[in-house]
Every structure is written in structure tokens, then in C-alpha cells.
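The data block below is my_file05.pdb; it holds PDB, C-alpha atoms.
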ATOM      1  CA  MET A   1      17.206  28.097  76.128
ATOM      2  CA  PHE A   2      20.537  29.768  76.851
ATOM      3  CA  LYS A   3      20.144  33.038  78.712
ATOM      4  CA  TRP A   4      22.759  35.745  78.239
ATOM      5  CA  GLU A   5      21.416  37.536  81.304
ATOM      6  CA  TYR A   6      23.047  34.830  83.430
ATOM      7  CA  LEU A   7      26.460  35.924  82.245
ATOM      8  CA  ASN A   8      27.101  38.777  84.632
ATOM      9  CA  LEU A   9      26.646  36.798  87.816
ATOM     10  CA  THR A  10      28.456  33.811  86.339
ATOM     11  CA  TYR A  11      31.538  35.782  85.374
ATOM     12  CA  ARG A  12      31.541  37.787  88.593
ATOM     13  CA  LYS A  13      31.617  34.590  90.613
ATOM     14  CA  LEU A  14      34.130  32.969  88.266
ATOM     15  CA  GLU A  15      36.493  35.819  88.968
ATOM     16  CA  ASP A  16      35.709  36.167  92.656
ATOM     17  CA  GLY A  17      35.678  32.873  94.541
ATOM     18  CA  GLY A  18      35.006  30.482  91.697
ATOM     19  CA  LEU A  19      32.325  28.214  90.252
ATOM     20  CA  LEU A  20      31.624  24.586  91.109
ATOM     21  CA  LEU A  21      32.278  22.002  88.406
ATOM     22  CA  VAL A  22      30.417  18.754  89.109
ATOM     23  CA  SER A  23      31.164  15.483  87.370
ATOM     24  CA  LYS A  24      30.576  11.811  88.101
ATOM     25  CA  ARG A  25      32.363   8.477  87.974
ATOM     26  CA  ARG A  26      31.271   5.022  89.057
ATOM     27  CA  GLY A  27      28.082   6.366  90.597
ATOM     28  CA  ARG A  28      29.834   8.908  92.796
ATOM     29  CA  SER A  29      29.672  12.643  92.127
ATOM     30  CA  ASN A  30      32.527  15.048  92.701
ATOM     31  CA  ALA A  31      32.769  18.821  92.891
ATOM     32  CA  MET A  32      35.782  20.940  92.028
ATOM     33  CA  THR A  33      36.215  24.710  92.291
ATOM     34  CA  ILE A  34      37.197  26.449  89.053
ATOM     35  CA  GLY A  35      38.374  30.001  88.547
ATOM     36  CA  TRP A  36      39.005  29.713  84.816
ATOM     37  CA  GLY A  37      36.552  29.021  82.004
ATOM     38  CA  PHE A  38      34.869  30.350  78.882
ATOM     39  CA  ILE A  39      31.319  30.854  77.711
ATOM     40  CA  GLY A  40      30.661  31.431  74.041
ATOM     41  CA  ILE A  41      29.173  30.251  70.782
ATOM     42  CA  LEU A  42      30.711  27.618  68.542
ATOM     43  CA  TRP A  43      29.281  25.549  65.724
ATOM     44  CA  GLY A  44      26.063  27.522  66.128
ATOM     45  CA  ARG A  45      25.526  26.408  69.729
ATOM     46  CA  PRO A  46      26.325  27.791  73.201
ATOM     47  CA  TYR A  47      29.382  26.192  74.821
ATOM     48  CA  PHE A  48      31.114  26.241  78.195
ATOM     49  CA  ILE A  49      34.841  25.466  77.965
ATOM     50  CA  VAL A  50      36.447  24.266  81.184
ATOM     51  CA  ALA A  51      40.153  23.647  81.724
ATOM     52  CA  VAL A  52      40.966  20.594  83.833
ATOM     53  CA  ARG A  53      44.486  19.415  84.636
ATOM     54  CA  LYS A  54      45.169  15.816  83.658
ATOM     55  CA  SER A  55      46.276  15.095  87.209
ATOM     56  CA  ARG A  56      42.860  16.017  88.657
ATOM     57  CA  TYR A  57      40.260  13.474  89.701
ATOM     58  CA  THR A  58      37.690  15.548  87.787
ATOM     59  CA  HIS A  59      39.627  14.718  84.612
ATOM     60  CA  ARG A  60      38.888  11.030  85.134
ATOM     61  CA  CYS A  61      35.238  11.778  85.903
ATOM     62  CA  ILE A  62      34.667  13.808  82.737
ATOM     63  CA  GLU A  63      36.492  11.164  80.693
ATOM     64  CA  ALA A  64      34.083   8.600  82.141
ATOM     65  CA  THR A  65      30.765  10.419  81.833
ATOM     66  CA  LYS A  66      31.522  12.889  79.032
ATOM     67  CA  ASP A  67      29.397  15.530  80.699
ATOM     68  CA  PHE A  68      29.511  17.978  83.598
ATOM     69  CA  THR A  69      27.557  20.766  85.258
ATOM     70  CA  VAL A  70      28.829  24.216  86.151
ATOM     71  CA  ASN A  71      27.146  25.632  89.248
ATOM     72  CA  VAL A  72      27.201  29.306  90.160
ATOM     73  CA  PRO A  73      27.488  29.313  93.956
ATOM     74  CA  GLY A  74      25.000  31.068  96.178
ATOM     75  CA  LYS A  75      25.714  33.060  99.275
ATOM     76  CA  GLU A  76      27.439  31.444 102.199
ATOM     77  CA  MET A  77      29.095  28.774 100.068
ATOM     78  CA  GLU A  78      32.636  30.049 100.680
ATOM     79  CA  ASP A  79      33.491  26.985 102.771
ATOM     80  CA  ILE A  80      32.385  24.653  99.993
ATOM     81  CA  LEU A  81      34.384  26.613  97.406
ATOM     82  CA  GLN A  82      37.411  26.545  99.660
ATOM     83  CA  TYR A  83      37.216  22.817 100.384
ATOM     84  CA  CYS A  84      36.419  21.786  96.801
ATOM     85  CA  GLY A  85      39.388  23.810  95.613
ATOM     86  CA  THR A  86      41.869  22.161  97.950
ATOM     87  CA  VAL A  87      40.959  18.535  98.463
ATOM     88  CA  SER A  88      40.948  15.801  95.784
ATOM     89  CA  GLY A  89      37.984  13.580  95.006
ATOM     90  CA  ARG A  90      40.468  10.734  94.758
ATOM     91  CA  ASP A  91      40.806  10.599  98.568
ATOM     92  CA  HIS A  92      37.641  12.396  99.678
ATOM     93  CA  ASP A  93      33.928  12.098  99.063
ATOM     94  CA  LYS A  94      33.496  15.851  99.204
ATOM     95  CA  ILE A  95      29.766  15.735  98.553
ATOM     96  CA  LYS A  96      29.228  13.481 101.570
ATOM     97  CA  GLU A  97      31.699  15.232 103.847
ATOM     98  CA  LEU A  98      30.215  18.662 103.164
ATOM     99  CA  GLU A  99      26.647  17.321 103.198
ATOM    100  CA  ILE A 100      26.018  18.885  99.798
ATOM    101  CA  ARG A 101      22.548  18.221  98.429
ATOM    102  CA  LEU A 102      22.502  17.266  94.768
ATOM    103  CA  ASN A 103      19.753  17.663  92.183
ATOM    104  CA  MET A 104      19.288  15.354  89.227
ATOM    105  CA  SER A 105      20.074  17.091  85.964
ATOM    106  CA  ARG A 106      17.597  17.422  83.132
ATOM    107  CA  GLU A 107      19.846  16.522  80.220
ATOM    108  CA  VAL A 108      23.117  15.099  81.554
ATOM    109  CA  GLU A 109      24.227  12.430  83.989
ATOM    110  CA  SER A 110      26.274  14.696  86.288
ATOM    111  CA  PRO A 111      24.012  16.286  88.902
ATOM    112  CA  SER A 112      23.858  19.895  90.034
ATOM    113  CA  ILE A 113      24.359  21.397  93.475
ATOM    114  CA  SER A 114      21.286  22.429  95.398
ATOM    115  CA  GLY A 115      21.380  26.044  96.542
ATOM    116  CA  CYS A 116      23.187  27.256  93.419
ATOM    117  CA  PRO A 117      21.128  29.968  91.701
ATOM    118  CA  ILE A 118      22.378  29.233  88.149
ATOM    119  CA  VAL A 119      23.185  25.851  86.607
ATOM    120  CA  TYR A 120      24.766  25.003  83.252
ATOM    121  CA  GLU A 121      24.370  21.397  82.074
ATOM    122  CA  CYS A 122      27.092  20.571  79.558
ATOM    123  CA  LYS A 123      27.706  17.665  77.205
ATOM    124  CA  VAL A 124      31.305  17.241  76.040
ATOM    125  CA  ASN A 125      31.484  17.240  72.249
ATOM    126  CA  TYR A 126      35.153  17.966  71.908
ATOM    127  CA  LYS A 127      38.335  18.157  73.945
ATOM    128  CA  MET A 128      41.837  19.417  73.325
ATOM    129  CA  ASP A 129      44.964  18.769  75.319
ATOM    130  CA  LEU A 130      47.127  21.806  75.837
ATOM    131  CA  ASN A 131      50.227  21.657  73.686
ATOM    132  CA  PRO A 132      53.045  22.960  75.901
ATOM    133  CA  ARG A 133      55.475  23.294  73.001
ATOM    134  CA  THR A 134      53.713  26.377  71.658
ATOM    135  CA  LEU A 135      53.042  28.049  75.018
ATOM    136  CA  PRO A 136      54.958  31.170  76.050
ATOM    137  CA  LYS A 137      57.744  30.280  78.507
ATOM    138  CA  LYS A 138      56.348  32.738  81.045
ATOM    139  CA  ILE A 139      53.049  30.847  81.235
ATOM    140  CA  ILE A 140      54.824  27.499  81.531
ATOM    141  CA  SER A 141      56.996  28.635  84.414
ATOM    142  CA  GLU A 142      54.134  30.397  86.229
ATOM    143  CA  ILE A 143      51.275  27.952  85.697
ATOM    144  CA  TYR A 144      52.880  24.621  84.820
ATOM    145  CA  PRO A 145      56.102  24.280  86.837
ATOM    146  CA  ASP A 146      55.082  20.663  87.556
ATOM    147  CA  GLU A 147      54.090  20.022  83.915
ATOM    148  CA  SER A 148      50.552  19.178  84.948
ATOM    149  CA  PHE A 149      48.906  20.501  81.798
ATOM    150  CA  HIS A 150      45.242  21.226  81.139
ATOM    151  CA  THR A 151      42.716  19.526  78.931
ATOM    152  CA  PHE A 152      40.101  21.880  77.506
ATOM    153  CA  TYR A 153      36.656  20.302  77.539
ATOM    154  CA  PHE A 154      34.175  21.878  75.131
ATOM    155  CA  GLY A 155      30.800  21.343  76.798
ATOM    156  CA  GLU A 156      27.708  22.144  74.775
ATOM    157  CA  ILE A 157      25.265  23.890  77.109
ATOM    158  CA  VAL A 158      22.277  21.594  76.681
ATOM    159  CA  ALA A 159      20.342  23.107  79.587
ATOM    160  CA  CYS A 160      20.769  26.276  81.606
ATOM    161  CA  TYR A 161      18.410  27.600  84.241
ATOM    162  CA  LYS A 162      17.949  29.749  87.296
ATOM    163  CA  ARG A 163      16.846  28.220  90.528
ATOM    164  CA  ARG A 164      15.128  29.983  93.366
ATOM    165  CA  VAL A 165      17.410  29.902  96.369
ATOM    166  CA  ARG A 166      16.362  30.474  99.947
TER     167      ARG A 166
ATOM    168  CA  MET B   1      40.795  46.997  82.967
ATOM    169  CA  PHE B   2      38.458  44.313  81.729
ATOM    170  CA  LYS B   3      34.803  45.179  82.237
ATOM    171  CA  TRP B   4      32.269  42.409  82.652
ATOM    172  CA  GLU B   5      29.481  44.903  82.024
ATOM    173  CA  TYR B   6      30.471  44.867  78.359
ATOM    174  CA  LEU B   7      29.521  41.214  78.098
ATOM    175  CA  ASN B   8      25.808  41.552  77.530
ATOM    176  CA  LEU B   9      26.034  43.754  74.463
ATOM    177  CA  THR B  10      29.014  41.791  73.146
ATOM    178  CA  TYR B  11      27.241  38.447  73.328
ATOM    179  CA  ARG B  12      23.970  39.844  72.034
ATOM    180  CA  LYS B  13      25.720  41.136  68.940
ATOM    181  CA  LEU B  14      27.810  37.981  68.589
ATOM    182  CA  GLU B  15      24.600  36.008  68.367
ATOM    183  CA  ASP B  16      22.671  38.501  66.277
ATOM    184  CA  GLY B  17      24.588  39.852  63.297
ATOM    185  CA  GLY B  18      28.130  39.233  64.462
ATOM    186  CA  LEU B  19      31.241  41.062  65.645
ATOM    187  CA  LEU B  20      34.061  42.484  63.550
ATOM    188  CA  LEU B  21      37.477  40.864  63.860
ATOM    189  CA  VAL B  22      40.239  43.163  62.640
ATOM    190  CA  SER B  23      43.767  42.011  61.891
ATOM    191  CA  LYS B  24      46.650  43.281  59.804
ATOM    192  CA  ARG B  25      49.265  42.037  57.355
ATOM    193  CA  ARG B  26      51.905  43.895  55.391
ATOM    194  CA  GLY B  27      50.572  47.252  56.505
ATOM    195  CA  ARG B  28      47.018  46.581  55.344
ATOM    196  CA  SER B  29      44.157  45.991  57.780
ATOM    197  CA  ASN B  30      41.328  43.567  57.184
ATOM    198  CA  ALA B  31      37.935  43.034  58.818
ATOM    199  CA  MET B  32      36.021  39.787  59.039
ATOM    200  CA  THR B  33      32.589  39.127  60.538
ATOM    201  CA  ILE B  34      32.501  36.468  63.260
ATOM    202  CA  GLY B  35      29.498  34.817  64.852
ATOM    203  CA  TRP B  36      31.446  32.431  67.068
ATOM    204  CA  GLY B  37      33.816  33.207  69.914
ATOM    205  CA  PHE B  38      34.472  32.929  73.631
ATOM    206  CA  ILE B  39      35.225  35.337  76.444
ATOM    207  CA  GLY B  40      36.617  33.999  79.689
ATOM    208  CA  ILE B  41      39.465  33.760  82.151
ATOM    209  CA  LEU B  42      42.549  31.610  81.688
ATOM    210  CA  TRP B  43      45.934  31.640  83.376
ATOM    211  CA  GLY B  44      44.599  34.395  85.626
ATOM    212  CA  ARG B  45      43.912  36.784  82.749
ATOM    213  CA  PRO B  46      40.899  37.682  80.564
ATOM    214  CA  TYR B  47      40.951  36.053  77.116
ATOM    215  CA  PHE B  48      38.973  36.242  73.887
ATOM    216  CA  ILE B  49      39.106  33.036  71.860
ATOM    217  CA  VAL B  50      38.306  33.398  68.164
ATOM    218  CA  ALA B  51      37.934  30.557  65.684
ATOM    219  CA  VAL B  52      39.393  31.266  62.231
ATOM    220  CA  ARG B  53      39.410  28.766  59.377
ATOM    221  CA  LYS B  54      42.843  28.087  57.939
ATOM    222  CA  SER B  55      41.558  29.002  54.496
ATOM    223  CA  ARG B  56      40.653  32.564  55.568
ATOM    224  CA  TYR B  57      42.780  35.592  54.805
ATOM    225  CA  THR B  58      42.372  36.614  58.462
ATOM    226  CA  HIS B  59      44.294  33.451  59.394
ATOM    227  CA  ARG B  60      47.324  34.760  57.503
ATOM    228  CA  CYS B  61      46.949  38.185  59.103
ATOM    229  CA  ILE B  62      46.827  36.849  62.666
ATOM    230  CA  GLU B  63      49.765  34.563  61.924
ATOM    231  CA  ALA B  64      51.684  37.637  60.760
ATOM    232  CA  THR B  65      50.851  40.120  63.507
ATOM    233  CA  LYS B  66      49.947  37.783  66.395
ATOM    234  CA  ASP B  67      47.249  40.170  67.556
ATOM    235  CA  PHE B  68      43.728  41.250  66.636
ATOM    236  CA  THR B  69      40.872  43.456  67.793
ATOM    237  CA  VAL B  70      37.262  42.442  68.268
ATOM    238  CA  ASN B  71      34.843  45.273  67.584
ATOM    239  CA  VAL B  72      31.233  45.289  68.741
ATOM    240  CA  PRO B  73      29.353  46.945  65.880
ATOM    241  CA  GLY B  74      27.208  49.996  66.374
ATOM    242  CA  LYS B  75      23.856  50.747  64.816
ATOM    243  CA  GLU B  76      23.541  50.889  61.064
ATOM    244  CA  MET B  77      26.566  48.720  60.450
ATOM    245  CA  GLU B  78      24.577  45.846  58.944
ATOM    246  CA  ASP B  79      26.047  46.490  55.485
ATOM    247  CA  ILE B  80      29.590  46.294  56.848
ATOM    248  CA  LEU B  81      28.803  43.060  58.717
ATOM    249  CA  GLN B  82      27.243  41.620  55.605
ATOM    250  CA  TYR B  83      30.138  42.562  53.300
ATOM    251  CA  CYS B  84      32.879  41.547  55.741
ATOM    252  CA  GLY B  85      31.203  38.177  56.173
ATOM    253  CA  THR B  86      31.060  37.418  52.456
ATOM    254  CA  VAL B  87      34.092  38.837  50.711
ATOM    255  CA  SER B  88      37.741  37.822  51.263
ATOM    256  CA  GLY B  89      40.540  40.200  52.157
ATOM    257  CA  ARG B  90      42.651  38.261  49.702
ATOM    258  CA  ASP B  91      40.870  39.907  46.758
ATOM    259  CA  HIS B  92      39.338  42.977  48.379
ATOM    260  CA  ASP B  93      40.541  45.886  50.471
ATOM    261  CA  LYS B  94      37.321  45.917  52.465
ATOM    262  CA  ILE B  95      38.402  48.801  54.680
ATOM    263  CA  LYS B  96      38.947  51.010  51.653
ATOM    264  CA  GLU B  97      35.929  49.842  49.688
ATOM    265  CA  LEU B  98      33.571  50.400  52.625
ATOM    266  CA  GLU B  99      35.318  53.635  53.650
ATOM    267  CA  ILE B 100      35.725  52.294  57.176
ATOM    268  CA  ARG B 101      37.551  54.652  59.490
ATOM    269  CA  LEU B 102      40.161  52.956  61.678
ATOM    270  CA  ASN B 103      41.557  53.972  65.062
ATOM    271  CA  MET B 104      45.038  53.126  66.253
ATOM    272  CA  SER B 105      44.992  50.637  69.078
ATOM    273  CA  ARG B 106      46.500  51.296  72.479
ATOM    274  CA  GLU B 107      48.292  48.000  73.016
ATOM    275  CA  VAL B 108      48.287  46.029  69.769
ATOM    276  CA  GLU B 109      49.212  46.588  66.143
ATOM    277  CA  SER B 110      45.816  45.741  64.646
ATOM    278  CA  PRO B 111      43.577  48.829  64.662
ATOM    279  CA  SER B 112      39.955  49.124  65.737
ATOM    280  CA  ILE B 113      36.921  50.271  63.781
ATOM    281  CA  SER B 114      35.630  53.758  64.403
ATOM    282  CA  GLY B 115      31.963  53.832  65.344
ATOM    283  CA  CYS B 116      32.112  50.589  67.316
ATOM    284  CA  PRO B 117      30.977  51.189  70.913
ATOM    285  CA  ILE B 118      33.109  48.436  72.475
ATOM    286  CA  VAL B 119      36.621  47.331  71.489
ATOM    287  CA  TYR B 120      38.694  44.374  72.713
ATOM    288  CA  GLU B 121      42.425  44.531  71.943
ATOM    289  CA  CYS B 122      43.886  41.022  72.009
ATOM    290  CA  LYS B 123      47.412  39.620  71.939
ATOM    291  CA  VAL B 124      47.711  36.006  70.814
ATOM    292  CA  ASN B 125      49.514  33.942  73.455
ATOM    293  CA  TYR B 126      48.423  30.534  72.282
ATOM    294  CA  LYS B 127      46.719  28.802  69.376
ATOM    295  CA  MET B 128      45.341  25.361  68.763
ATOM    296  CA  ASP B 129      44.384  23.748  65.490
ATOM    297  CA  LEU B 130      41.145  21.821  65.599
ATOM    298  CA  ASN B 131      41.783  18.101  65.559
ATOM    299  CA  PRO B 132      39.099  16.638  63.278
ATOM    300  CA  ARG B 133      39.794  13.061  64.347
ATOM    301  CA  THR B 134      38.114  13.573  67.708
ATOM    302  CA  LEU B 135      35.169  15.639  66.454
ATOM    303  CA  PRO B 136      31.652  14.183  66.351
ATOM    304  CA  LYS B 137      30.742  13.125  62.801
ATOM    305  CA  LYS B 138      27.647  15.332  62.896
ATOM    306  CA  ILE B 139      29.755  18.450  63.404
ATOM    307  CA  ILE B 140      32.187  17.463  60.655
ATOM    308  CA  SER B 141      29.433  16.918  58.110
ATOM    309  CA  GLU B 142      27.527  20.084  59.080
ATOM    310  CA  ILE B 143      30.384  22.539  59.615
ATOM    311  CA  TYR B 144      33.385  21.096  57.800
ATOM    312  CA  PRO B 145      32.138  19.384  54.621
ATOM    313  CA  ASP B 146      35.073  21.016  52.786
ATOM    314  CA  GLU B 147      37.557  20.108  55.558
ATOM    315  CA  SER B 148      38.406  23.756  56.093
ATOM    316  CA  PHE B 149      39.072  23.437  59.822
ATOM    317  CA  HIS B 150      39.418  26.154  62.429
ATOM    318  CA  THR B 151      42.372  27.407  64.374
ATOM    319  CA  PHE B 152      41.492  28.679  67.850
ATOM    320  CA  TYR B 153      43.439  31.823  68.690
ATOM    321  CA  PHE B 154      43.677  32.577  72.412
ATOM    322  CA  GLY B 155      43.910  36.358  72.589
ATOM    323  CA  GLU B 156      44.732  37.906  75.937
ATOM    324  CA  ILE B 157      42.539  40.983  76.322
ATOM    325  CA  VAL B 158      45.234  43.587  76.918
ATOM    326  CA  ALA B 159      42.865  46.531  76.538
ATOM    327  CA  CYS B 160      39.098  46.845  76.480
ATOM    328  CA  TYR B 161      37.108  50.040  76.400
ATOM    329  CA  LYS B 162      33.875  51.728  75.501
ATOM    330  CA  ARG B 163      33.791  54.475  72.937
ATOM    331  CA  ARG B 164      31.181  57.152  72.623
ATOM    332  CA  VAL B 165      29.408  56.729  69.323
ATOM    333  CA  ARG B 166      27.337  59.356  67.573
TER     334      ARG B 166
END

Let me see the file written as C-alpha cells.
Amino acid sequence: MFKWEYLNLTYRKLEDGGLLLVSKRRGRSNAMTIGWGFIGILWGRPYFIVAVRKSRYTHRCIEATKDFTVNVPGKEMEDILQYCGTVSGRDHDKIKELEIRLNMSREVESPSISGCPIVYECKVNYKMDLNPRTLPKKIISEIYPDESFHTFYFGEIVACYKRRVR
Amino acid sequence: MFKWEYLNLTYRKLEDGGLLLVSKRRGRSNAMTIGWGFIGILWGRPYFIVAVRKSRYTHRCIEATKDFTVNVPGKEMEDILQYCGTVSGRDHDKIKELEIRLNMSREVESPSISGCPIVYECKVNYKMDLNPRTLPKKIISEIYPDESFHTFYFGEIVACYKRRVR
């Protein structure tokens, strides 16, 4: 089910431009650009760990639905990545404004983004709030000057597939 | 510095046979086989997250040195993987007993294992103890029947290289 051959493209995009994290709340889907994340194995299953600041709208969405998708962007999606990394889903319906086409997921409630060549469907089995007391001071001053700390969501990869993209 | 092209072999071995986690305490090095772990990006840097049960000798080593190496095993290391996944460093000097040759690391105190084609040198910047109260019951009963919970060590990958192996 989980394909390690997807890793290279996933990590390359994660590092260069970002991936699109899609979650849902009250029937409305929201996309957020992420540049940090982890893929690995835990408890005998593949997992995607995403880090979401408590202040983000995505945090509320994942708390509501307890699942998310991670979408590896295709070509010519720079504008989407840019917009979804700047604007909050609290004030904007980014999906509508950008005319993003969504696809129903196979195993989770959050949909995926059409035109993305690789999709990870993830079900949150565990979460951990960052504990700032044990963080190095350098990281606090660089990353958390406003004390907006991350929650780590451990999403079991319950489906993962390639999609043909025009 | 960090090479994404190392991922495929690393994850293939992680899933099939395991990787070798090396740490050090009181001048003595210890190796432990791991089948779970995460590679990713956090705080703008590459990280390797390893999960170590509090009851393990490796837990004491990482607490002492605050660093570790992850070694991707080469061919014909099945016996080492088997032994280092069964026996505790508390009662055994596995390095000595198995006549494992160690190499000094470039950036951390814990050494690497000679004959391993890929080495990750990791410096622990953050750790989190698993909080069993928020874990699904299924995972507790399957993985933690003895309540020996994991600590997640977030190791910044400060060096990562390939080594020619005979």
C-alpha cells in the first residue's frame, strides 16, 4: 500500500516550495502550505507527521475531522503554494478563490487536490503539543518569537497513490 | 549536506531487517536494532526521529551523550541486526562480542559502524515522552502491554554520508 518510491519527489517538493496539507471543518475544506514534516514507520505502520501551529486555522480543522491529506504539488502550482502559505482559512475560502478542484478521498474525510501527482491520506492516531520548556533557546527565539507553538499530528497513512496528471 | 537520495535504501532497510542505532555512555558504545523511525524537515533543518523505550539501555546512553548515529546496515549483517535487537547493552558489550569495528564520527560523540554504507550523525535538540493517555487503546494493548513507553528523540542530522563498503 505505502510506496517508498514516492519519497524522493515528496521530500524534494517538501524542501523546495512545499506540500499542500488539506483538512476540513464544517463542510468546508482548507489547504495550507507546509515545508516541514516527517515520513516514517511507527507502531508497525507508515506515518506522516505534520507540525501545525495552534494559531493556524488548519489546527482547528484537524481537531475537528481528525484526518488530513498531504498533496505533492504538480507543475505550475507555485501560485497556489504561495497563496496557501500566506493567507488564513479563517478569513478566506482558498479553495474557492483559487478555483482548486478537489477529489474525494478513499479512506478519510478530508479531500485531495486535483492535479497533484502524489496523495497521502492520513488518519490522526496521536498528537503531541510541543513542550517549549525543553526546547533549545536558539530554536525558541528563531522559530517561536510569538510563542505560537506547534502541535505534531501523527497521521497513519491509510492510503497513498499516484495520480496521472496532465 | 543531507542527501535525499539516501532515503530509498534507508527506508527499505528500516522496513526490512532494521537499522542500527549507536549511542554511547561512560566511554562504551552500544548498538540497538530499530525498525521504527522518521526522517524529515523541522525548524528548517533535516531531522531523524527515533523512538526508544524508557526501559532500554539505549535510552540511558542517549540521555548521557545527547547524540546518536543511525547506520544503514550492509549485506551480511543479519546476525548483527538479530543480536542487537534481542540482547541488552546493560548486560552485554555487543560491540565487543560481535567484533564490530567502529569509526569515529565527524560531528557527534557516538561512533558509527564500519561496513555500513550510509551513516546519519544526529544531535538531540528535543525529546518528547509518549503520553499514553491520548493513545488509542488498540495501540496501547498491542504495543505497550507492559507500559514500557517510548521517548521520541529529535536528532538533527548534522552529518550524513555514504561509505564505500567492500

- [ ] Return the neighbours of chain A among the residues of chain B, cut-off 7 Å, counting all atoms listed in the file, as an MDAnalysis selection string.
- [x] chainID B and resid 4 8 36:43 125:126 134:136 143

Task: Straight-line distance linking atom CA of Cys84 of chain B with atom CA of Val165 of chain B, stated in Å to one decimal - done: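 Distance between the two atoms: 20.7 Å.
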
Open item on the list: Just want the 8 Å neighbourhood of Lys66 of chain A, counted on all atoms listed in the file, with same-chain residues fewer than 3 positions away dropped. Output as a list in words.
Closed with: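 My reading of the contact set: Cys61, Ile62, Glu63, Lys123 and Val124 of chain A.
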
Task: Shell of 7 Å around Lys13 of chain B, all atoms listed in the file, local chain residues under 5 positions omitted, as a VMD selection string - done: chain B and resid 18 to 19 72

Open item on the list: One decimal, in Å: what's the spacing between atom CA of Arg25 of chain A and atom CA of Asp146 of chain A?
Closed with: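 Straight-line distance from atom CA of Arg25 of chain A to atom CA of Asp146 of chain A works out to 25.8 Å.
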
Open item on the list: Under the PyMOL selection byres ((chain B and resi 115) around 12), which residues of this model are included? Write them out as a PyMOL selection string.
Closed with: chain B and resi 20+71-77+80+100-103+112-114+116-119+162-166

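Each of A:Asp67, A:Glu109, A:Glu147, A:Asp16 was checked against Leu81 of chain A using all atoms listed in the file; the smallest atom-to-atom distance is that of A:Asp16.
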
TODO: Figure out the distance between atom CA of Lys94 of chain B and atom CA of Pro111 of chain B, please, to one decimal in Å.
DONE: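 Taking atom CA of Pro111 of chain B and atom CA of Lys94 of chain B, their separation equals 14.0 Å.
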
TODO: Apply the PyMOL selection byres ((chain A and resi 87) around 12) to the structure shown and report the selected residues as a ChimeraX atom specification.
DONE: /A:30-33,56-58,80-86,88-95,97-98

Take the structure in the block and write a file for segment 66-79 of chain A, N, CA and C atoms, as a compact mmCIF listing (two decimals), in the first residue's frame.
# COMPACT_ATOMS: atom_id res chain seq x y z
N LYS A 66 -10.00 15.04 12.50
CA LYS A 66 -9.03 14.02 12.90
C LYS A 66 -8.42 13.29 11.70
N ASP A 67 -8.41 13.95 10.56
CA ASP A 67 -7.68 13.40 9.43
C ASP A 67 -7.21 14.53 8.53
N PHE A 68 -6.36 14.21 7.58
CA PHE A 68 -5.86 15.21 6.63
C PHE A 68 -5.29 14.47 5.42
N THR A 69 -5.08 15.23 4.33
CA THR A 69 -4.31 14.67 3.22
C THR A 69 -3.08 15.55 2.99
N VAL A 70 -2.01 14.91 2.54
CA VAL A 70 -0.83 15.67 2.12
C VAL A 70 -0.70 15.47 0.62
N ASN A 71 -0.65 16.58 -0.11
CA ASN A 71 -0.66 16.56 -1.57
C ASN A 71 0.67 17.09 -2.10
N VAL A 72 1.32 16.26 -2.90
CA VAL A 72 2.57 16.71 -3.53
C VAL A 72 2.19 17.52 -4.77
N PRO A 73 2.55 18.79 -4.82
CA PRO A 73 2.08 19.64 -5.91
C PRO A 73 2.68 19.27 -7.26
N GLY A 74 1.90 19.51 -8.29
CA GLY A 74 2.40 19.31 -9.65
C GLY A 74 3.06 20.57 -10.16
N LYS A 75 3.38 20.55 -11.43
CA LYS A 75 3.98 21.73 -12.03
C LYS A 75 2.99 22.89 -12.07
N GLU A 76 3.51 24.04 -12.15
CA GLU A 76 2.68 25.25 -12.28
C GLU A 76 1.68 25.41 -11.14
N MET A 77 2.06 24.99 -9.94
CA MET A 77 1.20 25.22 -8.79
C MET A 77 1.86 26.20 -7.82
N GLU A 78 2.85 26.93 -8.29
CA GLU A 78 3.59 27.87 -7.43
C GLU A 78 2.64 28.92 -6.82
N ASP A 79 1.69 29.39 -7.63
CA ASP A 79 0.77 30.41 -7.13
C ASP A 79 -0.09 29.88 -5.98
